[in-house]
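So this block is model34.txt, compact mmCIF, C-alpha atoms:
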```txt
# COMPACT_ATOMS: atom_id res chain seq x y z
CA MET A 1 -87.14 49.87 35.97
CA ALA A 2 -85.62 50.11 32.49
CA ASN A 3 -85.99 53.88 32.37
CA THR A 4 -84.69 54.28 35.92
CA ILE A 5 -81.62 52.13 35.28
CA ARG A 6 -80.94 53.92 32.00
CA THR A 7 -81.29 57.31 33.67
CA MET A 8 -79.09 56.27 36.58
CA LEU A 9 -76.34 54.97 34.29
CA PHE A 10 -76.32 58.24 32.38
CA SER A 11 -76.37 60.14 35.67
CA ILE A 12 -73.26 58.26 36.75
CA LEU A 13 -71.57 59.15 33.45
CA ILE A 14 -72.61 62.79 33.89
CA LEU A 15 -71.34 62.71 37.45
CA GLY A 16 -67.96 61.45 36.26
CA VAL A 17 -67.74 64.19 33.63
CA ASN A 18 -68.77 66.87 36.14
CA MET A 19 -66.13 65.63 38.56
CA LEU A 20 -63.50 65.94 35.84
CA THR A 21 -64.60 69.48 34.98
CA GLY A 22 -64.59 70.37 38.68
CA ILE A 23 -61.10 68.94 39.14
CA LEU A 24 -59.73 70.80 36.10
CA THR A 25 -61.22 74.15 37.13
CA ALA A 26 -60.11 73.75 40.74
CA ARG A 27 -56.52 72.83 39.82
CA TYR A 28 -56.06 75.46 37.10
CA LEU A 29 -57.99 78.31 38.72
CA GLY A 30 -57.29 77.73 42.43
CA PRO A 31 -59.80 78.57 45.18
CA SER A 32 -60.14 82.27 44.23
CA GLY A 33 -60.61 81.66 40.52
CA ARG A 34 -63.01 78.79 41.22
CA GLY A 35 -65.03 81.11 43.45
CA GLU A 36 -65.23 83.82 40.76
CA GLN A 37 -66.27 81.28 38.15
CA THR A 38 -68.99 79.92 40.46
CA ALA A 39 -70.35 83.45 41.00
CA MET A 40 -70.52 84.04 37.22
CA VAL A 41 -72.19 80.74 36.28
CA LEU A 42 -74.49 80.25 39.26
CA TRP A 43 -77.02 83.01 38.74
CA SER A 44 -78.37 82.21 35.27
CA GLN A 45 -79.16 78.65 36.35
CA PHE A 46 -80.61 79.66 39.71
CA LEU A 47 -82.90 82.38 38.35
CA ALA A 48 -84.06 80.23 35.41
CA PHE A 49 -85.08 77.36 37.70
CA SER A 50 -86.65 79.83 40.13
CA PHE A 51 -88.94 81.34 37.46
CA THR A 52 -90.33 78.17 35.88
CA ILE A 53 -93.63 78.85 37.75
CA GLY A 54 -94.14 75.10 38.11
CA LEU A 55 -94.49 74.57 34.34
CA PRO A 56 -92.52 71.28 34.06
CA SER A 57 -94.60 69.52 36.73
CA ALA A 58 -97.83 71.07 35.46
CA LEU A 59 -97.07 69.90 31.93
CA ILE A 60 -96.34 66.33 33.03
CA TYR A 61 -99.49 66.12 35.16
CA ASN A 62 -101.86 67.65 32.59
CA VAL A 63 -100.50 65.85 29.52
CA LYS A 64 -100.74 62.52 31.36
CA LYS A 65 -104.36 63.34 32.22
CA ASN A 66 -105.27 64.76 28.78
CA ILE A 67 -102.93 63.23 26.21
CA GLN A 68 -105.12 64.48 23.34
CA ASP A 69 -104.34 68.09 24.35
CA SER A 70 -100.56 67.66 24.23
CA ALA A 71 -100.00 70.16 21.42
CA LYS A 72 -102.12 72.86 23.04
CA LEU A 73 -100.50 72.37 26.42
CA TYR A 74 -96.95 72.42 25.03
CA THR A 75 -97.60 75.58 22.97
CA THR A 76 -99.05 77.44 25.94
CA ALA A 77 -96.22 76.26 28.18
CA LEU A 78 -93.66 77.72 25.74
CA TRP A 79 -95.31 81.14 25.76
CA MET A 80 -95.56 81.10 29.55
CA GLY A 81 -91.91 80.02 29.78
CA LEU A 82 -90.82 82.84 27.47
CA ALA A 83 -92.64 85.41 29.60
CA SER A 84 -91.30 84.11 32.93
CA GLY A 85 -87.77 83.71 31.52
CA THR A 86 -87.75 87.31 30.29
CA ILE A 87 -88.85 88.56 33.71
CA ALA A 88 -86.10 86.50 35.39
CA MET A 89 -83.51 87.85 32.96
CA ALA A 90 -84.46 91.46 33.69
CA ALA A 91 -84.50 90.84 37.45
CA GLY A 92 -81.01 89.34 37.35
CA ILE A 93 -79.53 92.21 35.36
CA VAL A 94 -80.87 94.74 37.86
CA PHE A 95 -80.21 92.77 41.05
CA LEU A 96 -76.73 91.27 40.58
CA PRO A 97 -74.62 94.45 41.07
CA TYR A 98 -76.05 94.79 44.59
CA TRP A 99 -75.46 91.18 45.69
CA LEU A 100 -72.00 90.77 44.13
CA LYS A 101 -70.56 93.91 45.71
CA SER A 102 -67.44 92.09 46.95
CA TYR A 103 -66.53 90.94 43.41
CA SER A 104 -64.76 92.86 40.66
CA PRO A 105 -66.85 94.90 38.15
CA SER A 106 -65.85 92.51 35.36
CA VAL A 107 -67.26 89.52 37.28
CA VAL A 108 -70.51 91.42 37.85
CA LEU A 109 -70.71 92.42 34.17
CA PHE A 110 -70.15 88.83 32.99
CA SER A 111 -72.86 87.63 35.37
CA GLN A 112 -75.26 90.17 33.90
CA TRP A 113 -74.53 89.05 30.32
CA SER A 114 -75.10 85.43 31.35
CA MET A 115 -78.73 86.35 32.07
CA LEU A 116 -79.38 86.09 28.30
CA CYS A 117 -79.31 82.29 28.73
CA ILE A 118 -82.27 82.25 31.12
CA PRO A 119 -85.19 81.95 28.63
CA LEU A 120 -83.47 79.02 26.91
CA ILE A 121 -82.86 77.29 30.24
CA VAL A 122 -86.57 77.66 31.08
CA PHE A 123 -87.42 76.15 27.68
CA SER A 124 -85.08 73.26 28.42
CA GLN A 125 -87.05 72.39 31.57
CA ILE A 126 -90.32 72.43 29.62
CA ASN A 127 -88.75 70.25 26.91
CA ASN A 128 -87.40 67.79 29.48
CA ALA A 129 -90.91 67.41 30.90
CA MET A 130 -92.31 66.64 27.46
CA MET A 131 -89.60 64.08 26.72
CA GLN A 132 -90.37 62.32 30.02
CA VAL A 133 -94.09 62.21 29.22
CA ARG A 134 -93.33 60.88 25.74
CA GLY A 135 -91.10 58.20 27.24
CA GLU A 136 -88.07 59.51 25.31
CA TYR A 137 -85.61 58.71 28.06
CA LYS A 138 -82.85 57.72 25.63
CA LEU A 139 -82.86 61.16 24.00
CA TYR A 140 -83.43 62.89 27.34
CA ASN A 141 -80.39 61.18 28.85
CA ARG A 142 -78.16 61.68 25.81
CA LEU A 143 -78.82 65.41 25.85
CA ARG A 144 -78.11 65.54 29.57
CA PHE A 145 -74.77 63.85 28.92
CA LEU A 146 -73.69 65.75 25.80
CA ILE A 147 -73.89 69.17 27.48
CA PRO A 148 -71.37 68.53 30.31
CA LEU A 149 -69.24 66.47 27.91
CA SER A 150 -69.03 69.50 25.61
CA THR A 151 -67.99 71.62 28.58
CA LEU A 152 -65.22 69.14 29.41
CA VAL A 153 -63.95 69.26 25.81
CA LEU A 154 -63.92 73.07 25.82
CA LEU A 155 -62.04 73.16 29.12
CA GLY A 156 -59.45 70.80 27.65
CA ILE A 157 -59.01 73.11 24.66
CA LEU A 158 -58.61 76.12 26.97
CA ILE A 159 -55.95 74.32 29.02
CA LEU A 160 -54.01 73.17 25.97
CA SER A 161 -54.14 76.63 24.40
CA GLY A 162 -53.09 78.37 27.63
CA THR A 163 -56.24 80.50 27.76
CA MET A 164 -57.83 78.95 30.87
CA HIS A 165 -59.03 81.53 33.39
CA ALA A 166 -62.23 82.27 35.33
CA TYR A 167 -63.99 84.03 32.44
CA THR A 168 -63.18 81.59 29.62
CA SER A 169 -64.03 78.62 31.84
CA ALA A 170 -67.38 80.26 32.68
CA VAL A 171 -68.10 80.49 28.93
CA ALA A 172 -67.22 76.80 28.62
CA TYR A 173 -69.90 76.02 31.23
CA LEU A 174 -72.62 78.20 29.68
CA ALA A 175 -72.18 78.13 25.89
CA PRO A 176 -72.40 74.38 25.03
CA ALA A 177 -76.00 74.08 26.23
CA VAL A 178 -77.36 76.76 23.89
CA PRO A 179 -77.45 74.78 20.58
CA PHE A 180 -78.86 71.71 22.33
CA TYR A 181 -81.66 73.75 23.94
CA ILE A 182 -82.54 75.39 20.61
CA TRP A 183 -82.52 72.06 18.71
CA THR A 184 -84.75 70.32 21.28
CA THR A 185 -87.26 73.18 21.21
CA LEU A 186 -87.44 73.18 17.39
CA ARG A 187 -87.80 69.38 17.35
CA LEU A 188 -90.79 69.41 19.72
CA ILE A 189 -92.39 72.35 17.90
CA GLN A 190 -92.14 70.33 14.68
CA ALA A 191 -93.69 67.31 16.43
CA TYR A 192 -96.65 69.21 17.92
CA ARG A 193 -96.89 72.35 15.79
CA ILE A 194 -97.93 75.66 17.30
CA VAL A 195 -101.57 75.38 18.35
CA PHE A 196 -103.42 78.45 19.65
CA LYS A 197 -106.81 76.77 20.14
CA ASP A 198 -108.28 77.03 23.66
CA THR A 199 -105.20 78.94 24.84
CA TYR A 200 -106.95 80.48 27.83
CA GLN A 201 -108.28 77.08 28.96
CA THR A 202 -104.87 75.41 28.70
CA PHE A 203 -103.31 78.40 30.46
CA LYS A 204 -105.75 77.88 33.34
CA GLN A 205 -104.94 74.17 33.49
CA LEU A 206 -101.21 74.80 33.60
CA ILE A 207 -101.27 77.76 35.97
CA THR A 208 -103.66 76.06 38.41
CA TYR A 209 -101.41 73.06 38.92
CA GLY A 210 -98.25 75.09 38.25
CA ILE A 211 -98.83 77.62 41.01
CA GLY A 212 -99.43 74.81 43.46
CA SER A 213 -96.35 73.01 42.22
CA TYR A 214 -94.27 76.16 41.79
CA GLY A 215 -93.65 76.54 45.47
CA ASN A 216 -92.32 73.00 45.57
CA ASP A 217 -90.13 73.60 42.51
CA LEU A 218 -88.92 76.91 43.91
CA MET A 219 -88.21 75.46 47.33
CA GLY A 220 -86.39 72.53 45.75
CA ASN A 221 -84.35 74.94 43.66
CA LEU A 222 -83.62 77.11 46.68
CA SER A 223 -82.59 74.00 48.60
CA TYR A 224 -80.15 73.20 45.80
CA TYR A 225 -78.67 76.69 45.48
CA ILE A 226 -79.50 78.66 48.64
CA ASP A 227 -76.28 77.87 50.46
CA GLN A 228 -74.14 79.12 47.57
CA ILE A 229 -76.41 82.12 46.98
CA VAL A 230 -76.16 83.28 50.61
CA ILE A 231 -72.50 82.36 50.99
CA VAL A 232 -71.55 84.44 47.94
CA GLY A 233 -72.32 87.49 50.05
CA LEU A 234 -70.68 86.17 53.24
CA LEU A 235 -67.37 84.62 52.11
CA ASN A 236 -64.49 85.78 49.96
CA PRO A 237 -63.84 84.14 46.54
CA ALA A 238 -61.26 81.69 47.98
CA GLN A 239 -63.66 80.38 50.65
CA LEU A 240 -66.47 80.19 48.09
CA GLY A 241 -64.15 78.14 45.87
CA LEU A 242 -63.56 75.67 48.71
CA TYR A 243 -67.28 75.39 49.38
CA ALA A 244 -68.08 74.98 45.66
CA VAL A 245 -65.70 72.01 45.49
CA ALA A 246 -67.29 70.43 48.58
CA VAL A 247 -70.79 70.88 47.11
CA SER A 248 -69.78 69.51 43.72
CA LEU A 249 -68.16 66.39 45.16
CA SER A 250 -70.97 65.74 47.66
CA ARG A 251 -73.50 65.59 44.82
CA VAL A 252 -72.05 62.19 43.93
CA VAL A 253 -74.79 60.49 45.95
CA ASN A 254 -77.52 62.62 44.39
CA VAL A 255 -77.46 60.35 41.36
CA PHE A 256 -79.81 57.83 42.99
CA SER A 257 -82.66 60.19 43.85
CA THR A 258 -82.51 62.36 40.72
CA SER A 259 -82.57 59.33 38.43
CA ILE A 260 -85.58 57.86 40.25
CA ILE A 261 -87.55 61.13 40.48
CA ALA A 262 -87.31 61.64 36.69
CA VAL A 263 -89.24 58.37 36.25
CA LEU A 264 -91.30 58.08 39.45
CA PHE A 265 -93.52 61.17 39.11
CA PRO A 266 -94.77 60.41 35.56
CA LYS A 267 -95.15 56.72 36.49
CA ALA A 268 -97.09 57.34 39.70
CA SER A 269 -99.42 60.03 38.30
CA GLY A 270 -102.88 58.57 37.90
CA LEU A 271 -102.38 55.54 40.16
CA PRO A 272 -104.66 54.94 43.19
CA LYS A 273 -103.49 56.53 46.44
CA ASP A 274 -102.52 53.27 48.15
CA GLU A 275 -100.39 52.21 45.20
CA VAL A 276 -98.70 55.62 44.95
CA VAL A 277 -97.71 55.60 48.61
CA LYS A 278 -96.59 51.97 48.55
CA LEU A 279 -94.46 52.49 45.42
CA THR A 280 -92.98 55.78 46.64
CA PHE A 281 -91.91 54.48 50.04
CA ARG A 282 -90.45 51.31 48.56
CA VAL A 283 -88.37 53.37 46.14
CA PHE A 284 -87.41 55.71 49.00
CA ARG A 285 -86.17 52.86 51.20
CA ILE A 286 -84.05 51.34 48.45
CA SER A 287 -82.56 54.57 47.05
CA THR A 288 -81.86 56.17 50.44
CA SER A 289 -80.24 53.02 51.84
CA ILE A 290 -77.89 52.86 48.87
CA ALA A 291 -77.14 56.60 49.10
CA ILE A 292 -76.28 56.44 52.81
CA MET A 293 -74.01 53.40 52.35
CA VAL A 294 -72.19 55.13 49.50
CA SER A 295 -71.89 58.31 51.61
CA ALA A 296 -70.36 56.38 54.52
CA ALA A 297 -67.77 54.82 52.22
CA ILE A 298 -66.90 58.20 50.70
CA MET A 299 -66.53 59.79 54.14
CA LEU A 300 -63.84 57.24 55.00
CA ILE A 301 -61.77 57.92 51.90
CA ALA A 302 -62.53 61.65 51.72
CA PRO A 303 -59.12 62.87 53.06
CA PHE A 304 -57.32 60.99 50.30
CA VAL A 305 -59.85 61.88 47.58
CA LEU A 306 -59.76 65.64 48.18
CA THR A 307 -55.96 65.78 48.19
CA LEU A 308 -55.59 63.48 45.19
CA LEU A 309 -58.21 65.13 42.99
CA TYR A 310 -58.05 68.80 43.95
CA GLY A 311 -54.73 69.36 45.70
CA ASN A 312 -53.63 70.14 49.27
CA GLU A 313 -55.10 73.65 49.22
CA PHE A 314 -58.62 72.18 49.15
CA GLN A 315 -58.08 69.98 52.24
CA GLU A 316 -59.80 72.67 54.32
CA ALA A 317 -63.14 71.71 52.72
CA LEU A 318 -63.09 68.20 54.30
CA GLY A 319 -65.34 68.96 57.29
CA VAL A 320 -68.12 70.65 55.35
CA PHE A 321 -67.87 67.98 52.63
CA ARG A 322 -68.78 65.22 55.11
CA LEU A 323 -71.77 67.20 56.42
CA LEU A 324 -72.97 67.89 52.88
CA LEU A 325 -72.75 64.20 51.96
CA LEU A 326 -75.23 63.35 54.71
CA GLU A 327 -77.42 66.32 53.79
CA VAL A 328 -77.58 65.28 50.11
CA SER A 329 -78.53 61.68 51.05
CA ILE A 330 -81.44 62.81 53.24
CA SER A 331 -82.49 65.54 50.81
CA GLY A 332 -82.69 63.03 47.96
CA GLY A 333 -84.89 60.74 50.01
CA THR A 334 -87.10 63.67 50.97
CA MET A 335 -87.67 64.59 47.34
CA VAL A 336 -88.49 60.97 46.47
CA LEU A 337 -91.22 61.00 49.15
CA ALA A 338 -92.47 64.34 47.82
CA GLN A 339 -93.39 62.65 44.53
CA ALA A 340 -96.32 60.92 46.28
CA PHE A 341 -97.95 64.31 46.89
CA MET A 342 -97.12 65.51 43.39
CA ALA A 343 -98.64 62.40 41.78
CA LEU A 344 -101.80 62.69 43.89
CA GLY A 345 -102.43 66.30 42.82
CA LYS A 346 -101.37 67.86 46.13
CA PRO A 347 -98.29 69.91 45.17
CA LYS A 348 -99.19 72.71 47.60
CA VAL A 349 -98.53 70.39 50.53
CA VAL A 350 -94.93 69.89 49.46
CA THR A 351 -94.58 73.62 48.86
CA ILE A 352 -95.61 74.44 52.42
CA LEU A 353 -93.44 71.73 53.92
CA GLN A 354 -90.32 72.70 52.02
CA GLY A 355 -90.97 76.37 52.66
CA MET A 356 -90.96 75.81 56.41
CA GLY A 357 -87.56 74.16 56.23
CA LEU A 358 -86.10 76.87 54.03
CA LEU A 359 -87.39 79.61 56.28
CA LEU A 360 -84.90 78.25 58.81
CA VAL A 361 -81.88 77.70 56.57
CA ILE A 362 -81.33 81.34 55.58
CA PRO A 363 -81.11 82.70 59.16
CA LEU A 364 -79.07 79.63 60.14
CA LEU A 365 -76.60 80.36 57.34
CA MET A 366 -76.47 84.04 58.28
CA LEU A 367 -75.87 83.09 61.92
CA LEU A 368 -73.49 80.14 61.62
CA VAL A 369 -71.33 80.99 58.59
CA PRO A 370 -69.79 84.16 60.12
CA LYS A 371 -69.05 82.23 63.35
CA LEU A 372 -68.09 78.76 62.07
CA GLY A 373 -67.20 79.43 58.44
CA LEU A 374 -67.65 76.51 56.05
CA THR A 375 -68.65 74.08 58.82
CA GLY A 376 -71.46 76.41 59.82
CA ALA A 377 -72.86 76.22 56.30
CA GLY A 378 -72.87 72.42 56.47
CA ILE A 379 -74.66 72.39 59.83
CA ALA A 380 -77.29 74.84 58.57
CA MET A 381 -78.03 72.77 55.46
CA LEU A 382 -78.26 69.50 57.39
CA SER A 383 -80.61 71.01 59.99
CA SER A 384 -82.92 72.33 57.27
CA VAL A 385 -83.23 69.04 55.42
CA LEU A 386 -83.97 67.10 58.61
CA ILE A 387 -86.89 69.43 59.30
CA ARG A 388 -88.26 69.04 55.77
CA PHE A 389 -88.00 65.27 56.00
CA LEU A 390 -89.89 65.23 59.31
CA PHE A 391 -92.68 67.45 57.99
CA ILE A 392 -93.22 65.30 54.90
CA LEU A 393 -93.63 62.22 57.09
CA ILE A 394 -96.13 64.05 59.29
CA ASN A 395 -98.12 65.07 56.23
CA VAL A 396 -98.34 61.48 55.01
CA ARG A 397 -100.12 60.73 58.25
CA PHE A 398 -102.41 63.75 58.49
CA THR A 399 -102.98 64.95 54.91
CA LEU A 400 -103.04 61.64 53.08
CA LYS A 401 -104.54 60.07 56.23
CA MET A 402 -102.36 57.01 55.94
CA LYS A 403 -100.12 55.21 58.36
CA ILE A 404 -96.46 56.08 57.78
CA PRO A 405 -94.90 53.02 56.12
CA TRP A 406 -91.70 51.42 57.43
CA LEU A 407 -88.68 53.61 56.62
CA LEU A 408 -85.83 51.08 56.70
CA ILE A 409 -85.14 48.73 53.83
CA THR A 410 -86.65 45.24 54.19
CA ARG A 411 -85.98 41.81 52.70
CA GLU A 412 -89.13 42.19 50.64
CA ASP A 413 -87.72 45.40 49.13
CA VAL A 414 -84.50 43.60 48.20
CA ARG A 415 -86.46 40.72 46.65
CA TRP A 416 -88.63 43.20 44.71
CA LEU A 417 -85.52 45.00 43.43
CA LEU A 418 -83.79 41.76 42.42
CA SER A 419 -86.97 40.54 40.70
CA ALA A 420 -87.32 43.79 38.78
CA LEU A 421 -83.67 43.65 37.75
CA SER A 422 -84.13 40.06 36.55
CA VAL A 423 -87.10 41.06 34.40
CA TYR A 424 -85.12 44.02 33.06
CA LYS A 425 -82.16 41.79 32.14
CA ALA A 426 -84.48 39.25 30.49
CA ASN A 427 -86.14 41.96 28.42
CA LYS A 428 -82.77 43.38 27.37
CA SER A 429 -81.62 39.90 26.31
CA ALA A 430 -84.82 39.44 24.29
CA GLU A 431 -84.30 42.82 22.62
CA SER A 432 -80.70 41.96 21.71
CA ARG A 433 -81.78 38.61 20.18
CA GLU A 434 -84.40 40.37 18.08
```
Starting from the file, lay out its structure as structure tokens.
Amino acid sequence: MANTIRTMLFSILILGVNMLTGILTARYLGPSGRGEQTAMVLWSQFLAFSFTIGLPSALIYNVKKNIQDSAKLYTTALWMGLASGTIAMAAGIVFLPYWLKSYSPSVVLFSQWSMLCIPLIVFSQINNAMMQVRGEYKLYNRLRFLIPLSTLVLLGILILSGTMHAYTSAVAYLAPAVPFYIWTTLRLIQAYRIVFKDTYQTFKQLITYGIGSYGNDLMGNLSYYIDQIVIVGLLNPAQLGLYAVAVSLSRVVNVFSTSIIAVLFPKASGLPKDEVVKLTFRVFRISTSIAIMVSAAIMLIAPFVLTLLYGNEFQEALGVFRLLLLEVSISGGTMVLAQAFMALGKPKVVTILQGMGLLLVIPLLMLLVPKLGLTGAGIAMLSSVLIRFLFILINVRFTLKMKIPWLLITREDVRWLLSALSVYKANKSAESRE
């Protein structure tokens, strides 16, 4: 509870900072400039997360099972991350000119240079996994906060100096993370040292779980980025800018699920099956109920929020924004439920389930976006997540061979939450007295 609350509070702070950066870039760049900036920044993050080969989840699972092998597992994970990150970097440099044909050569060239960040981003995911296993949630959360805060500071400097445009703002999004990623890697290397003993054995441990988990990680990453990736090739920069604003603002409700997932998977790993399922569904009911209530409130005030924060020219994004709010709420709940399979050593199940949903979203985007524009993208994303949610429930019944627990929040859940919060507050008071 303490780690979840701490992570959620930092996530809210990060959300506020990201909203400010989104508002500044939207107002000073306009829809077209915002679209170009999105195209330049998007690919390094997408390709890095797509080529992690399941290493973060594999590291958490194996270190929790074999804590004495932490140094060997971390060393091997770094070498594997370096190899996969280099492959992703090369693939991006070759592939981007073909997908970004509707953008200027300078936008394409910048996107290619941004590929140099990919190996460091892969390292950052490995390092985050190790910090979670080590219980270093304070440091983990501070680093998560300092990176977007640095971006906000750089954007402010660009605005005050009159040098704010799509390219300089893209640098402000990419550059601040680099020193933090390098420092975290060096810190963990110093803690564990580089250990080459039993490298092949640790490689087998990581790749066995990682390949099973990789599909889930990849599908989750595709779920997060696929709409923007496909839409880049279907819409002009102005329309992409509108959609990027809608996506950014809709991620407000993602704070509940992401904060919980960061703690739930390491916590549930190693527990008996009944306890894993019971804990996961209880957390799902609470987090999803809160997310849906927050989404409903935001939908009501959305017309005023979009105009106030971004300006009248972004009012066109209102319809797709409401659809994406609902999609994010259900998607977050789906990923919370997926942690039960991850904790029970069945990552391939989640991979298959998510893959089936994503197999539909790409043709739906290709079909609906040309006909319905931004609204078509929202409908496609919502349809995909509903299918993934349904398949995960079915798999609880037939793969885990357990009755599907109640999905709506209960009084017992509320009492459990209030009791946990009371214990948390009591512990914090005791710590402050000490």
Can you pull out every residue within 9 Å of Ala191 in chain A, counting all atoms listed in the file, but drop anything in the same chain fewer than 4 positions away, and send it as a CSV table (one decimal) with C-alpha atoms, in the coordinates of the input?
```csv
chain,number,residue,atom,x,y,z
A,71,ALA,CA,-100.0,70.2,21.4
A,186,LEU,CA,-87.4,73.2,17.4
A,187,ARG,CA,-87.8,69.4,17.4
```
Counting all atoms listed in the file, closest pick from A:Leu249, A:Leu326, A:Ala88, A:Val41 relative to Leu309 in chain A is A:Leu249
Shortest contact to Ala26 in chain A, candidates A:Leu421, A:Ala175, A:Val245, A:Val350, atoms counted all atoms listed in the file, goes to A:Val245
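The coordinates place CA of Pro347 in chain A at 9.7 Å from CA of Gly54 in chain A.
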- Separation of CA of Leu82 in chain A from CA of Asn127 in chain A, in Å and rounded to one decimal: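 These atoms are spaced 12.8 Å apart.
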Neighbours of Leu13 in chain A within 10 Å (all atoms listed in the file; same-chain residues fewer than 3 positions away dropped), as a compact mmCIF listing (two decimals) with C-alpha atoms, in the frame of the given file?
```txt
# COMPACT_ATOMS: atom_id res chain seq x y z
CA THR A 7 -81.29 57.31 33.67
CA MET A 8 -79.09 56.27 36.58
CA LEU A 9 -76.34 54.97 34.29
CA PHE A 10 -76.32 58.24 32.38
CA GLY A 16 -67.96 61.45 36.26
CA VAL A 17 -67.74 64.19 33.63
CA ASN A 18 -68.77 66.87 36.14
CA MET A 19 -66.13 65.63 38.56
CA ARG A 144 -78.11 65.54 29.57
CA PHE A 145 -74.77 63.85 28.92
CA PRO A 148 -71.37 68.53 30.31
CA LEU A 149 -69.24 66.47 27.91
CA VAL A 255 -77.46 60.35 41.36
```
